[in-house]
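Quick look at run36.txt (compact mmCIF, C-alpha atoms):
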```txt
# COMPACT_ATOMS: atom_id res chain seq x y z
CA MET A 974 -22.90 -101.24 33.91
CA LEU A 975 -24.35 -97.77 33.44
CA LYS A 976 -22.69 -96.72 36.66
CA MET A 977 -19.32 -97.97 35.43
CA ALA A 978 -19.72 -96.11 32.15
CA HIS A 979 -20.55 -92.98 34.10
CA LEU A 980 -17.50 -93.48 36.33
CA ALA A 981 -15.34 -94.03 33.24
CA TRP A 982 -16.60 -90.81 31.67
CA ILE A 983 -15.96 -88.71 34.79
CA PHE A 984 -12.42 -90.01 35.20
CA LEU A 985 -11.71 -89.57 31.52
CA LYS A 986 -12.74 -85.93 31.86
CA ILE A 987 -10.47 -85.49 34.88
CA GLY A 988 -7.65 -87.15 32.96
CA MET A 989 -8.04 -84.67 30.13
CA ILE A 990 -7.70 -81.62 32.36
CA PHE A 991 -4.88 -82.86 34.42
CA PHE A 992 -2.09 -81.56 32.25
CA GLY A 993 0.31 -79.48 34.22
CA GLY A 994 -0.29 -82.14 36.80
CA GLY A 995 0.45 -82.54 40.46
CA TYR A 996 -1.18 -80.39 43.00
CA VAL A 997 -3.58 -78.47 40.76
CA LEU A 998 -5.39 -81.77 40.81
CA ILE A 999 -6.35 -81.72 44.48
CA PRO A 1000 -8.90 -78.85 44.48
CA LEU A 1001 -10.33 -80.16 41.23
CA LEU A 1002 -10.75 -83.72 42.49
CA HIS A 1003 -12.19 -82.39 45.70
CA ARG A 1004 -14.87 -80.44 43.89
CA ILE A 1005 -15.84 -83.38 41.72
CA MET A 1006 -15.66 -86.20 44.24
CA VAL A 1007 -16.82 -84.54 47.42
CA ASP A 1008 -19.06 -81.64 46.39
CA GLU A 1009 -20.50 -82.73 43.09
CA TYR A 1010 -20.95 -86.51 43.20
CA ARG A 1011 -20.60 -87.16 46.94
CA TRP A 1012 -18.54 -90.27 46.36
CA LEU A 1013 -16.35 -89.38 49.35
CA THR A 1014 -16.70 -87.39 52.54
CA LEU A 1015 -14.16 -84.66 53.17
CA LYS A 1016 -12.31 -86.83 55.68
CA GLU A 1017 -12.23 -89.77 53.30
CA PHE A 1018 -10.90 -87.50 50.59
CA LEU A 1019 -8.05 -86.20 52.75
CA ASP A 1020 -7.19 -89.72 53.96
CA GLY A 1021 -7.20 -90.82 50.33
CA VAL A 1022 -4.68 -88.10 49.43
CA ALA A 1023 -2.42 -89.35 52.23
CA LEU A 1024 -2.79 -92.97 51.10
CA SER A 1025 -2.00 -92.12 47.48
CA GLN A 1026 1.21 -90.46 48.54
CA LEU A 1027 2.44 -93.63 50.18
CA THR A 1028 2.72 -95.38 46.87
CA PRO A 1029 5.06 -94.78 43.95
CA GLY A 1030 2.33 -93.93 41.43
CA PRO A 1031 1.41 -90.33 40.74
CA LEU A 1032 -1.04 -88.55 42.97
CA ALA A 1033 -3.83 -89.49 40.61
CA MET A 1034 -3.82 -92.88 42.29
CA LEU A 1035 -6.51 -91.12 44.25
CA ALA A 1036 -8.59 -92.21 41.28
CA THR A 1037 -8.09 -95.81 42.38
CA PHE A 1038 -9.20 -94.98 45.90
CA THR A 1039 -12.29 -93.05 44.82
CA GLY A 1040 -13.15 -95.66 42.20
CA PHE A 1041 -12.92 -98.33 44.90
CA LYS A 1042 -15.36 -96.46 47.08
CA ALA A 1043 -17.73 -95.81 44.20
CA GLY A 1044 -17.68 -99.30 42.70
CA GLY A 1045 -15.39 -101.80 44.46
CA LEU A 1046 -12.44 -103.38 42.70
CA ALA A 1047 -14.05 -102.94 39.27
CA GLY A 1048 -14.61 -99.27 40.04
CA ALA A 1049 -10.98 -98.92 41.10
CA LEU A 1050 -9.84 -100.46 37.82
CA VAL A 1051 -12.15 -98.28 35.73
CA GLY A 1052 -11.09 -95.12 37.58
CA THR A 1053 -7.37 -95.89 37.20
CA VAL A 1054 -7.51 -96.84 33.53
CA PHE A 1055 -9.59 -93.87 32.47
CA ILE A 1056 -7.79 -91.16 34.41
CA TYR A 1057 -4.50 -92.20 32.81
CA LEU A 1058 -5.87 -92.89 29.34
CA PRO A 1059 -5.67 -89.31 27.95
CA CYS A 1060 -2.09 -88.59 29.02
CA THR A 1061 -0.87 -92.01 27.92
CA VAL A 1062 -2.46 -91.70 24.48
CA LEU A 1063 -1.06 -88.19 24.08
CA MET A 1064 2.38 -89.35 25.20
CA LEU A 1065 2.29 -92.18 22.64
CA PHE A 1066 1.49 -89.61 19.94
CA ILE A 1067 4.35 -87.39 21.04
CA SER A 1068 6.72 -90.35 21.15
CA ARG A 1069 5.71 -91.23 17.62
CA TYR A 1070 6.37 -87.76 16.28
CA TYR A 1071 9.56 -87.65 18.27
CA ALA A 1072 10.78 -90.84 16.59
CA LYS A 1073 9.94 -89.31 13.21
CA PHE A 1074 11.28 -85.79 13.58
CA SER A 1075 13.99 -85.85 16.21
CA SER A 1076 16.68 -86.39 13.60
CA MET A 1077 15.81 -83.07 11.93
CA GLU A 1078 18.54 -80.65 12.84
CA ILE A 1079 16.34 -77.74 13.89
CA ILE A 1080 14.12 -79.94 16.11
CA ARG A 1081 17.10 -81.73 17.59
CA GLY A 1082 18.85 -78.43 18.32
CA THR A 1083 15.77 -76.98 19.98
CA LEU A 1084 15.20 -80.08 22.12
CA ASP A 1085 18.85 -80.25 23.14
CA GLY A 1086 18.67 -76.59 24.15
CA LEU A 1087 15.96 -77.61 26.62
CA LEU A 1088 18.14 -80.11 28.43
CA PRO A 1089 19.93 -77.72 30.81
CA ALA A 1090 16.48 -76.54 31.94
CA VAL A 1091 15.53 -80.18 32.59
CA VAL A 1092 18.67 -80.57 34.72
CA GLY A 1093 17.65 -77.44 36.64
CA LEU A 1094 14.18 -78.89 37.25
CA VAL A 1095 15.55 -82.21 38.49
CA ALA A 1096 17.90 -80.41 40.88
CA GLY A 1097 15.00 -78.14 41.87
CA ALA A 1098 12.88 -81.17 42.77
CA ALA A 1099 15.65 -82.38 45.08
CA TYR A 1100 15.87 -78.93 46.63
CA ASN A 1101 12.11 -78.67 47.21
CA LEU A 1102 11.97 -82.10 48.80
CA GLY A 1103 15.05 -81.36 50.90
CA LYS A 1104 13.69 -78.09 52.19
CA THR A 1105 10.80 -79.82 53.93
CA SER A 1106 12.38 -83.10 54.95
CA LEU A 1107 16.04 -82.44 55.80
CA VAL A 1108 15.83 -81.25 59.39
CA THR A 1109 18.22 -82.97 61.78
CA PRO A 1110 21.99 -83.48 61.40
CA ALA A 1111 21.24 -87.19 61.06
CA ASP A 1112 19.16 -86.42 57.95
CA PHE A 1113 22.14 -84.68 56.37
CA MET A 1114 24.46 -87.53 57.30
CA ILE A 1115 22.12 -90.05 55.67
CA LEU A 1116 21.92 -87.77 52.64
CA ALA A 1117 25.71 -87.64 52.33
CA ALA A 1118 26.12 -91.39 52.85
CA GLY A 1119 23.31 -92.12 50.40
CA PHE A 1120 24.84 -89.83 47.81
CA ALA A 1121 28.25 -91.49 48.14
CA VAL A 1122 26.82 -95.00 47.85
CA LEU A 1123 24.54 -94.19 44.90
CA GLN A 1124 27.14 -92.12 43.07
CA PHE A 1125 30.12 -94.43 43.41
CA THR A 1126 28.67 -97.94 43.61
CA ARG A 1127 26.11 -99.88 41.62
CA ILE A 1128 24.16 -101.00 44.67
CA SER A 1129 20.45 -100.99 43.90
CA PRO A 1130 18.63 -97.87 45.15
CA MET A 1131 15.98 -100.17 46.61
CA LEU A 1132 18.54 -101.70 49.01
CA VAL A 1133 19.94 -98.30 49.89
CA ILE A 1134 16.47 -96.93 50.65
CA LEU A 1135 15.56 -99.95 52.75
CA GLY A 1136 18.88 -99.73 54.57
CA ALA A 1137 18.30 -96.08 55.33
CA GLY A 1138 14.78 -96.84 56.56
CA GLY A 1139 16.25 -99.39 58.94
CA MET A 1140 18.95 -96.99 60.08
CA GLY A 1141 16.33 -94.27 60.54
CA MET A 1142 14.46 -96.48 62.94
CA LEU A 1143 17.60 -97.24 64.93
CA LEU A 1144 18.84 -93.65 65.16
CA MET B 1227 17.77 -93.23 14.13
CA GLU B 1228 20.15 -96.09 14.79
CA PRO B 1229 18.52 -99.49 15.25
CA LYS B 1230 17.61 -100.26 18.82
CA GLN B 1231 18.33 -103.44 20.68
CA SER B 1232 15.46 -105.79 20.58
CA VAL B 1233 13.97 -105.85 24.04
CA THR B 1234 11.06 -108.19 24.70
CA LEU B 1235 7.74 -106.85 25.93
CA SER B 1236 7.96 -109.10 28.95
CA GLU B 1237 11.31 -107.59 29.87
CA ILE B 1238 9.80 -104.10 29.49
CA PHE B 1239 6.92 -105.13 31.72
CA ARG B 1240 9.18 -106.64 34.37
CA THR B 1241 11.47 -103.63 34.43
CA PHE B 1242 8.69 -101.07 34.82
CA PHE B 1243 6.85 -103.26 37.29
CA TYR B 1244 10.01 -103.23 39.39
CA ILE B 1245 10.30 -99.45 39.04
CA GLY B 1246 6.63 -99.03 39.96
CA LEU B 1247 7.02 -101.29 42.96
CA THR B 1248 10.20 -99.83 44.41
CA GLY B 1249 10.02 -96.20 43.33
CA PHE B 1250 9.13 -94.74 46.69
CA GLY B 1251 9.18 -91.01 46.91
CA GLY B 1252 7.09 -90.47 43.78
CA GLY B 1253 7.64 -88.07 40.89
CA MET B 1254 11.27 -87.17 40.40
CA ALA B 1255 12.56 -90.02 42.61
CA ILE B 1256 10.98 -92.44 40.15
CA VAL B 1257 12.47 -90.61 37.19
CA ALA B 1258 15.88 -90.84 38.86
CA LEU B 1259 15.38 -94.57 39.36
CA THR B 1260 14.18 -95.02 35.77
CA GLU B 1261 17.22 -93.13 34.50
CA ARG B 1262 19.55 -95.27 36.57
CA ILE B 1263 18.01 -98.50 35.31
CA CYS B 1264 17.16 -97.70 31.67
CA VAL B 1265 20.00 -95.30 30.79
CA GLU B 1266 22.92 -96.29 33.02
CA GLN B 1267 22.46 -100.00 33.57
CA LYS B 1268 20.51 -101.42 30.65
CA LYS B 1269 21.56 -98.73 28.15
CA TRP B 1270 18.15 -98.98 26.49
CA ILE B 1271 18.00 -95.31 25.63
CA GLY B 1272 20.52 -92.49 25.38
CA ARG B 1273 20.65 -89.82 28.04
CA SER B 1274 19.59 -87.03 25.66
CA GLU B 1275 16.60 -89.03 24.40
CA PHE B 1276 15.59 -89.89 27.95
CA MET B 1277 15.74 -86.24 28.94
CA HIS B 1278 13.69 -85.20 25.92
CA GLY B 1279 11.06 -87.69 27.09
CA LEU B 1280 11.21 -86.28 30.60
CA ALA B 1281 10.68 -82.76 29.23
CA PHE B 1282 7.62 -83.90 27.22
CA GLY B 1283 6.38 -85.82 30.25
CA GLN B 1284 6.59 -82.78 32.48
CA ILE B 1285 4.69 -80.70 29.97
CA LEU B 1286 1.90 -83.30 29.98
CA GLY B 1287 1.46 -83.77 33.71
CA PRO B 1288 2.12 -87.09 35.48
CA PHE B 1289 5.71 -87.24 34.30
CA SER B 1290 6.84 -90.42 36.05
CA LEU B 1291 4.20 -92.35 34.11
CA ASN B 1292 4.79 -90.36 30.92
CA THR B 1293 8.53 -91.01 30.99
CA SER B 1294 7.84 -94.75 31.34
CA THR B 1295 5.47 -94.60 28.36
CA PHE B 1296 8.10 -92.73 26.36
CA VAL B 1297 10.88 -95.24 27.07
CA GLY B 1298 8.55 -98.15 26.29
CA TYR B 1299 7.57 -96.55 22.98
CA TYR B 1300 11.19 -95.86 22.15
CA LEU B 1301 11.98 -99.56 22.58
CA ARG B 1302 8.98 -101.26 21.02
CA GLY B 1303 6.49 -98.76 19.60
CA ILE B 1304 2.92 -98.55 20.82
CA ALA B 1305 2.90 -102.04 22.35
CA GLY B 1306 6.06 -101.16 24.28
CA GLY B 1307 4.64 -97.84 25.48
CA VAL B 1308 1.43 -99.40 26.73
CA THR B 1309 3.32 -102.29 28.34
CA ALA B 1310 5.64 -99.90 30.20
CA ALA B 1311 2.72 -97.73 31.38
CA VAL B 1312 0.69 -100.70 32.61
CA GLY B 1313 3.70 -102.33 34.26
CA PHE B 1314 4.53 -99.09 36.02
CA ILE B 1315 1.01 -98.39 37.35
CA PHE B 1316 0.11 -101.97 38.22
CA PRO B 1317 1.97 -102.23 41.57
CA SER B 1318 0.52 -98.92 42.79
CA PHE B 1319 -2.91 -100.05 41.67
CA CYS B 1320 -2.65 -103.25 43.70
CA ILE B 1321 -1.25 -101.51 46.77
CA ILE B 1322 -3.89 -98.76 46.67
CA SER B 1323 -6.73 -101.19 46.06
CA PHE B 1324 -5.64 -103.23 49.05
CA LEU B 1325 -5.20 -100.17 51.26
CA SER B 1326 -8.56 -98.77 50.07
CA TRP B 1327 -10.25 -102.03 50.98
CA LEU B 1328 -8.69 -101.88 54.45
CA TYR B 1329 -9.58 -98.22 54.78
CA PHE B 1330 -13.23 -98.50 53.85
CA LYS B 1331 -13.53 -101.52 56.11
CA TYR B 1332 -11.81 -100.07 59.19
CA HIS B 1333 -11.61 -96.35 58.44
CA GLU B 1334 -8.00 -96.06 59.50
CA VAL B 1335 -5.00 -94.91 57.50
CA PRO B 1336 -2.06 -97.23 58.19
CA GLN B 1337 0.82 -95.45 59.90
CA LEU B 1338 3.29 -96.04 57.11
CA GLN B 1339 3.96 -92.37 56.57
CA SER B 1340 6.35 -92.10 59.53
CA ALA B 1341 8.26 -95.22 58.49
CA LEU B 1342 8.68 -93.89 54.97
CA ARG B 1343 9.72 -90.47 56.13
CA GLY B 1344 13.08 -91.78 57.36
CA THR B 1345 13.95 -92.75 53.83
CA ASN B 1346 13.53 -89.23 52.44
CA PRO B 1347 17.23 -88.23 52.66
CA VAL B 1348 18.18 -91.22 50.48
CA ILE B 1349 15.44 -90.42 48.00
CA ILE B 1350 16.83 -86.89 47.78
CA ALA B 1351 20.33 -88.33 47.32
CA LEU B 1352 19.02 -90.46 44.46
CA ILE B 1353 17.57 -87.40 42.73
CA ILE B 1354 20.80 -85.43 43.26
CA VAL B 1355 22.85 -88.27 41.76
CA ALA B 1356 20.57 -88.24 38.71
CA SER B 1357 20.86 -84.48 38.32
CA VAL B 1358 24.65 -84.63 38.67
CA GLY B 1359 24.82 -87.33 35.98
CA MET B 1360 22.54 -85.35 33.65
CA GLY B 1361 24.35 -82.11 34.42
CA LYS B 1362 27.81 -83.52 33.72
CA ALA B 1363 26.66 -84.65 30.31
CA LYS B 1364 24.40 -81.77 29.31
CA VAL B 1365 25.52 -78.65 31.16
CA ARG B 1366 28.92 -77.72 29.79
CA ARG B 1367 29.01 -74.29 28.22
CA PRO B 1368 28.39 -71.09 30.20
CA VAL B 1369 25.08 -70.62 28.40
CA ASP B 1370 23.93 -74.05 29.61
CA TRP B 1371 24.79 -73.09 33.17
CA ILE B 1372 22.72 -69.94 32.88
CA VAL B 1373 19.69 -71.86 31.60
CA ALA B 1374 20.08 -74.59 34.25
CA LEU B 1375 20.44 -72.09 37.09
CA ALA B 1376 17.56 -69.98 35.83
CA ALA B 1377 15.35 -73.09 35.64
CA PHE B 1378 16.43 -74.21 39.10
CA ALA B 1379 15.82 -70.79 40.65
CA SER B 1380 12.46 -70.19 39.00
CA PHE B 1381 11.21 -73.64 39.93
CA SER B 1382 12.43 -73.93 43.51
CA LEU B 1383 12.81 -70.35 44.72
CA PHE B 1384 10.15 -68.48 42.74
CA LYS B 1385 7.63 -71.32 42.51
CA VAL B 1386 7.16 -71.20 38.76
CA SER B 1387 5.52 -74.48 37.60
CA ALA B 1388 7.62 -77.02 35.70
CA LEU B 1389 5.32 -76.43 32.75
CA GLY B 1390 6.05 -72.69 32.83
CA VAL B 1391 9.79 -73.26 33.06
CA LEU B 1392 9.81 -75.69 30.15
CA VAL B 1393 7.65 -73.52 27.91
CA ALA B 1394 9.96 -70.54 28.56
CA ALA B 1395 13.03 -72.72 27.87
CA LEU B 1396 11.39 -74.06 24.71
CA VAL B 1397 10.72 -70.56 23.35
CA TRP B 1398 14.27 -69.54 24.17
CA SER B 1399 15.80 -72.66 22.66
CA ALA B 1400 13.68 -72.55 19.48
CA GLY B 1401 14.60 -68.89 18.99
CA ARG B 1402 18.24 -69.69 19.48
CA SER B 1403 18.17 -72.60 17.01
CA TRP B 1404 16.59 -70.36 14.36
CA TYR B 1405 19.08 -67.60 15.00
CA LEU B 1406 22.04 -69.97 14.76
CA ARG B 1407 20.70 -71.45 11.56
CA GLU B 1408 20.10 -68.09 9.92
CA HIS B 1409 23.49 -66.73 10.95
CA ALA B 1410 25.60 -69.81 10.48
```
Since I need it in another form, could you write the structure as structure tokens?
Amino acid sequence: MLKMAHLAWIFLKIGMIFFGGGYVLIPLLHRIMVDEYRWLTLKEFLDGVALSQLTPGPLAMLATFTGFKAGGLAGALVGTVFIYLPCTVLMLFISRYYAKFSSMEIIRGTLDGLLPAVVGLVAGAAYNLGKTSLVTPADFMILAAGFAVLQFTRISPMLVILGAGGMGMLL
Amino acid sequence: MEPKQSVTLSEIFRTFFYIGLTGFGGGMAIVALTERICVEQKKWIGRSEFMHGLAFGQILGPFSLNTSTFVGYYLRGIAGGVTAAVGFIFPSFCIISFLSWLYFKYHEVPQLQSALRGTNPVIIALIIVASVGMGKAKVRRPVDWIVALAAFASFSLFKVSALGVLVAALVWSAGRSWYLREHA
């Protein structure tokens, strides 16, 4: 029980400093999990990073992996809940204030002024991903076909992704 | 705000569970999927509101989760936000727990990475479709184009963090709102 409380506390702390998100997290998690508490070896840590990236959840799913090592399924649950607790609570607060104040003209105007930047960031994410993973002409053909299907039909992205995976194996 | 449709918690859970289960590609691919489902298909939330949530989510870190929380809250308050967050994380939690169990038993990482890699072009297409949809609606005036292109270039070419880009855009936009109000 004490161990679980300790685990909860550590992951809560990680959750609180993980604003800004993404890859700043890796060196931090490494220091805590490998150097400080020795929950994982270096190899286990790197394999865990690879595993976390297979799944849809954010990279912090590494918390599940480390929690599992440190305390089985209960440890995995504790790690996952507590690493996400701070950002979820904060997001609920923001959502609440948003609901209250977003109809004020000055707030609304400021937030709407942000939206073109959001569009730029979404497009930028596509560009960054494309730079590393669009290599062969076949990749570009799948990209074009995928774009056409997703833009002009209502076929579920899940089916399109699975279809492309199948095609990728055949090509 | 105008009254929202009443969406049951179980429908929120099911929807975000589905997003969490099928949103391969992580991060922005999930946001693109969430936008397609919650904005385009179910019309649960307007595009502007969704994008505001995405901006907040990016400022706070794990934005795919944060955007889910935001949409859930928008629909059903705190209960909705928590339901969406849990529904979204739950599939990943199960998959990772299972894979962790396999890993610590056999010390092998399953070779799924190569299989998933073939799907990357479609994931990119999904993100592009989302950005085209958002852009058509929200990037109209020349000034919008300048902001969008500046954000794109600083994020992807000059490696400024999303947080940095959004804070800069926020300062700019707040200043502009004040100016327009004072000089209206």
Using all atoms listed in the file, find the residues of chain A whose closest atom to chain B is at most 7 Å away, then write them as a PyMOL selection string.
-> chain A and resi 991-995+1020+1025+1027-1031+1037-1038+1041+1046+1049+1060-1061+1064-1065+1068+1076+1079+1082-1084+1086-1103+1106-1107+1112+1115-1116+1119-1120+1123-1124+1131+1134+1137-1138+1141
Would you mind exporting C-alpha atoms of the selected residues as a PDB file, keeping the file's coordinate frame?
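Resulting contents of selection34.pdb:
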```pdb
ATOM      1  CA  PHE A 991      -4.880 -82.860  34.420  1.00  0.00           C
ATOM      2  CA  PHE A 992      -2.090 -81.560  32.250  1.00  0.00           C
ATOM      3  CA  GLY A 993       0.310 -79.480  34.220  1.00  0.00           C
ATOM      4  CA  GLY A 994      -0.290 -82.140  36.800  1.00  0.00           C
ATOM      5  CA  GLY A 995       0.450 -82.540  40.460  1.00  0.00           C
ATOM      6  CA  ASP A1020      -7.190 -89.720  53.960  1.00  0.00           C
ATOM      7  CA  SER A1025      -2.000 -92.120  47.480  1.00  0.00           C
ATOM      8  CA  LEU A1027       2.440 -93.630  50.180  1.00  0.00           C
ATOM      9  CA  THR A1028       2.720 -95.380  46.870  1.00  0.00           C
ATOM     10  CA  PRO A1029       5.060 -94.780  43.950  1.00  0.00           C
ATOM     11  CA  GLY A1030       2.330 -93.930  41.430  1.00  0.00           C
ATOM     12  CA  PRO A1031       1.410 -90.330  40.740  1.00  0.00           C
ATOM     13  CA  THR A1037      -8.090 -95.810  42.380  1.00  0.00           C
ATOM     14  CA  PHE A1038      -9.200 -94.980  45.900  1.00  0.00           C
ATOM     15  CA  PHE A1041     -12.920 -98.330  44.900  1.00  0.00           C
ATOM     16  CA  LEU A1046     -12.440-103.380  42.700  1.00  0.00           C
ATOM     17  CA  ALA A1049     -10.980 -98.920  41.100  1.00  0.00           C
ATOM     18  CA  CYS A1060      -2.090 -88.590  29.020  1.00  0.00           C
ATOM     19  CA  THR A1061      -0.870 -92.010  27.920  1.00  0.00           C
ATOM     20  CA  MET A1064       2.380 -89.350  25.200  1.00  0.00           C
ATOM     21  CA  LEU A1065       2.290 -92.180  22.640  1.00  0.00           C
ATOM     22  CA  SER A1068       6.720 -90.350  21.150  1.00  0.00           C
ATOM     23  CA  SER A1076      16.680 -86.390  13.600  1.00  0.00           C
ATOM     24  CA  ILE A1079      16.340 -77.740  13.890  1.00  0.00           C
ATOM     25  CA  GLY A1082      18.850 -78.430  18.320  1.00  0.00           C
ATOM     26  CA  THR A1083      15.770 -76.980  19.980  1.00  0.00           C
ATOM     27  CA  LEU A1084      15.200 -80.080  22.120  1.00  0.00           C
ATOM     28  CA  GLY A1086      18.670 -76.590  24.150  1.00  0.00           C
ATOM     29  CA  LEU A1087      15.960 -77.610  26.620  1.00  0.00           C
ATOM     30  CA  LEU A1088      18.140 -80.110  28.430  1.00  0.00           C
ATOM     31  CA  PRO A1089      19.930 -77.720  30.810  1.00  0.00           C
ATOM     32  CA  ALA A1090      16.480 -76.540  31.940  1.00  0.00           C
ATOM     33  CA  VAL A1091      15.530 -80.180  32.590  1.00  0.00           C
ATOM     34  CA  VAL A1092      18.670 -80.570  34.720  1.00  0.00           C
ATOM     35  CA  GLY A1093      17.650 -77.440  36.640  1.00  0.00           C
ATOM     36  CA  LEU A1094      14.180 -78.890  37.250  1.00  0.00           C
ATOM     37  CA  VAL A1095      15.550 -82.210  38.490  1.00  0.00           C
ATOM     38  CA  ALA A1096      17.900 -80.410  40.880  1.00  0.00           C
ATOM     39  CA  GLY A1097      15.000 -78.140  41.870  1.00  0.00           C
ATOM     40  CA  ALA A1098      12.880 -81.170  42.770  1.00  0.00           C
ATOM     41  CA  ALA A1099      15.650 -82.380  45.080  1.00  0.00           C
ATOM     42  CA  TYR A1100      15.870 -78.930  46.630  1.00  0.00           C
ATOM     43  CA  ASN A1101      12.110 -78.670  47.210  1.00  0.00           C
ATOM     44  CA  LEU A1102      11.970 -82.100  48.800  1.00  0.00           C
ATOM     45  CA  GLY A1103      15.050 -81.360  50.900  1.00  0.00           C
ATOM     46  CA  SER A1106      12.380 -83.100  54.950  1.00  0.00           C
ATOM     47  CA  LEU A1107      16.040 -82.440  55.800  1.00  0.00           C
ATOM     48  CA  ASP A1112      19.160 -86.420  57.950  1.00  0.00           C
ATOM     49  CA  ILE A1115      22.120 -90.050  55.670  1.00  0.00           C
ATOM     50  CA  LEU A1116      21.920 -87.770  52.640  1.00  0.00           C
ATOM     51  CA  GLY A1119      23.310 -92.120  50.400  1.00  0.00           C
ATOM     52  CA  PHE A1120      24.840 -89.830  47.810  1.00  0.00           C
ATOM     53  CA  LEU A1123      24.540 -94.190  44.900  1.00  0.00           C
ATOM     54  CA  GLN A1124      27.140 -92.120  43.070  1.00  0.00           C
ATOM     55  CA  MET A1131      15.980-100.170  46.610  1.00  0.00           C
ATOM     56  CA  ILE A1134      16.470 -96.930  50.650  1.00  0.00           C
ATOM     57  CA  ALA A1137      18.300 -96.080  55.330  1.00  0.00           C
ATOM     58  CA  GLY A1138      14.780 -96.840  56.560  1.00  0.00           C
ATOM     59  CA  GLY A1141      16.330 -94.270  60.540  1.00  0.00           C
TER      60      GLY A1141
END
```
Given the choices A:Leu1058, A:Val1133, A:Met1034, A:Ala1043, which gets closest to A:Val1007 if the distance is worked out from all atoms listed in the file?
->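 Residue with the minimum atom-to-atom distance to A:Val1007: A:Ala1043.
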List the residues sitting within 12 Å of (-21.9, -98.1, 33.7) in the file's frame, using all atoms listed in the file, as number ranges by chain.
-> A: 974-983, 1043-1044, 1047-1048, 1051-1052
Mind dumping the selected residues with C-alpha atoms as a PDB file, in the coordinates of the input?
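Saved file again-v2.pdb follows:
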```pdb
ATOM      1  CA  MET A 974     -22.900-101.240  33.910  1.00  0.00           C
ATOM      2  CA  LEU A 975     -24.350 -97.770  33.440  1.00  0.00           C
ATOM      3  CA  LYS A 976     -22.690 -96.720  36.660  1.00  0.00           C
ATOM      4  CA  MET A 977     -19.320 -97.970  35.430  1.00  0.00           C
ATOM      5  CA  ALA A 978     -19.720 -96.110  32.150  1.00  0.00           C
ATOM      6  CA  HIS A 979     -20.550 -92.980  34.100  1.00  0.00           C
ATOM      7  CA  LEU A 980     -17.500 -93.480  36.330  1.00  0.00           C
ATOM      8  CA  ALA A 981     -15.340 -94.030  33.240  1.00  0.00           C
ATOM      9  CA  TRP A 982     -16.600 -90.810  31.670  1.00  0.00           C
ATOM     10  CA  ILE A 983     -15.960 -88.710  34.790  1.00  0.00           C
ATOM     11  CA  ALA A1043     -17.730 -95.810  44.200  1.00  0.00           C
ATOM     12  CA  GLY A1044     -17.680 -99.300  42.700  1.00  0.00           C
ATOM     13  CA  ALA A1047     -14.050-102.940  39.270  1.00  0.00           C
ATOM     14  CA  GLY A1048     -14.610 -99.270  40.040  1.00  0.00           C
ATOM     15  CA  VAL A1051     -12.150 -98.280  35.730  1.00  0.00           C
ATOM     16  CA  GLY A1052     -11.090 -95.120  37.580  1.00  0.00           C
TER      17      GLY A1052
END
```
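Separating atom CA of A:Phe984 from atom CA of A:Ile1056 is a distance of 4.8 Å.
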For atom CA of A:Thr1053 and atom CA of A:Ala1036, the interatomic separation in Å (one decimal) = 5.6 Å
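In this structure, atom CA of A:Thr1039 sits 21.3 Å away from atom CA of B:Gly1313.
Counting all atoms listed in the file, the residue from B:Phe1276, B:Arg1302, B:Ile1271, B:Val1265 that sits nearest to B:Glu1237 is B:Arg1302.
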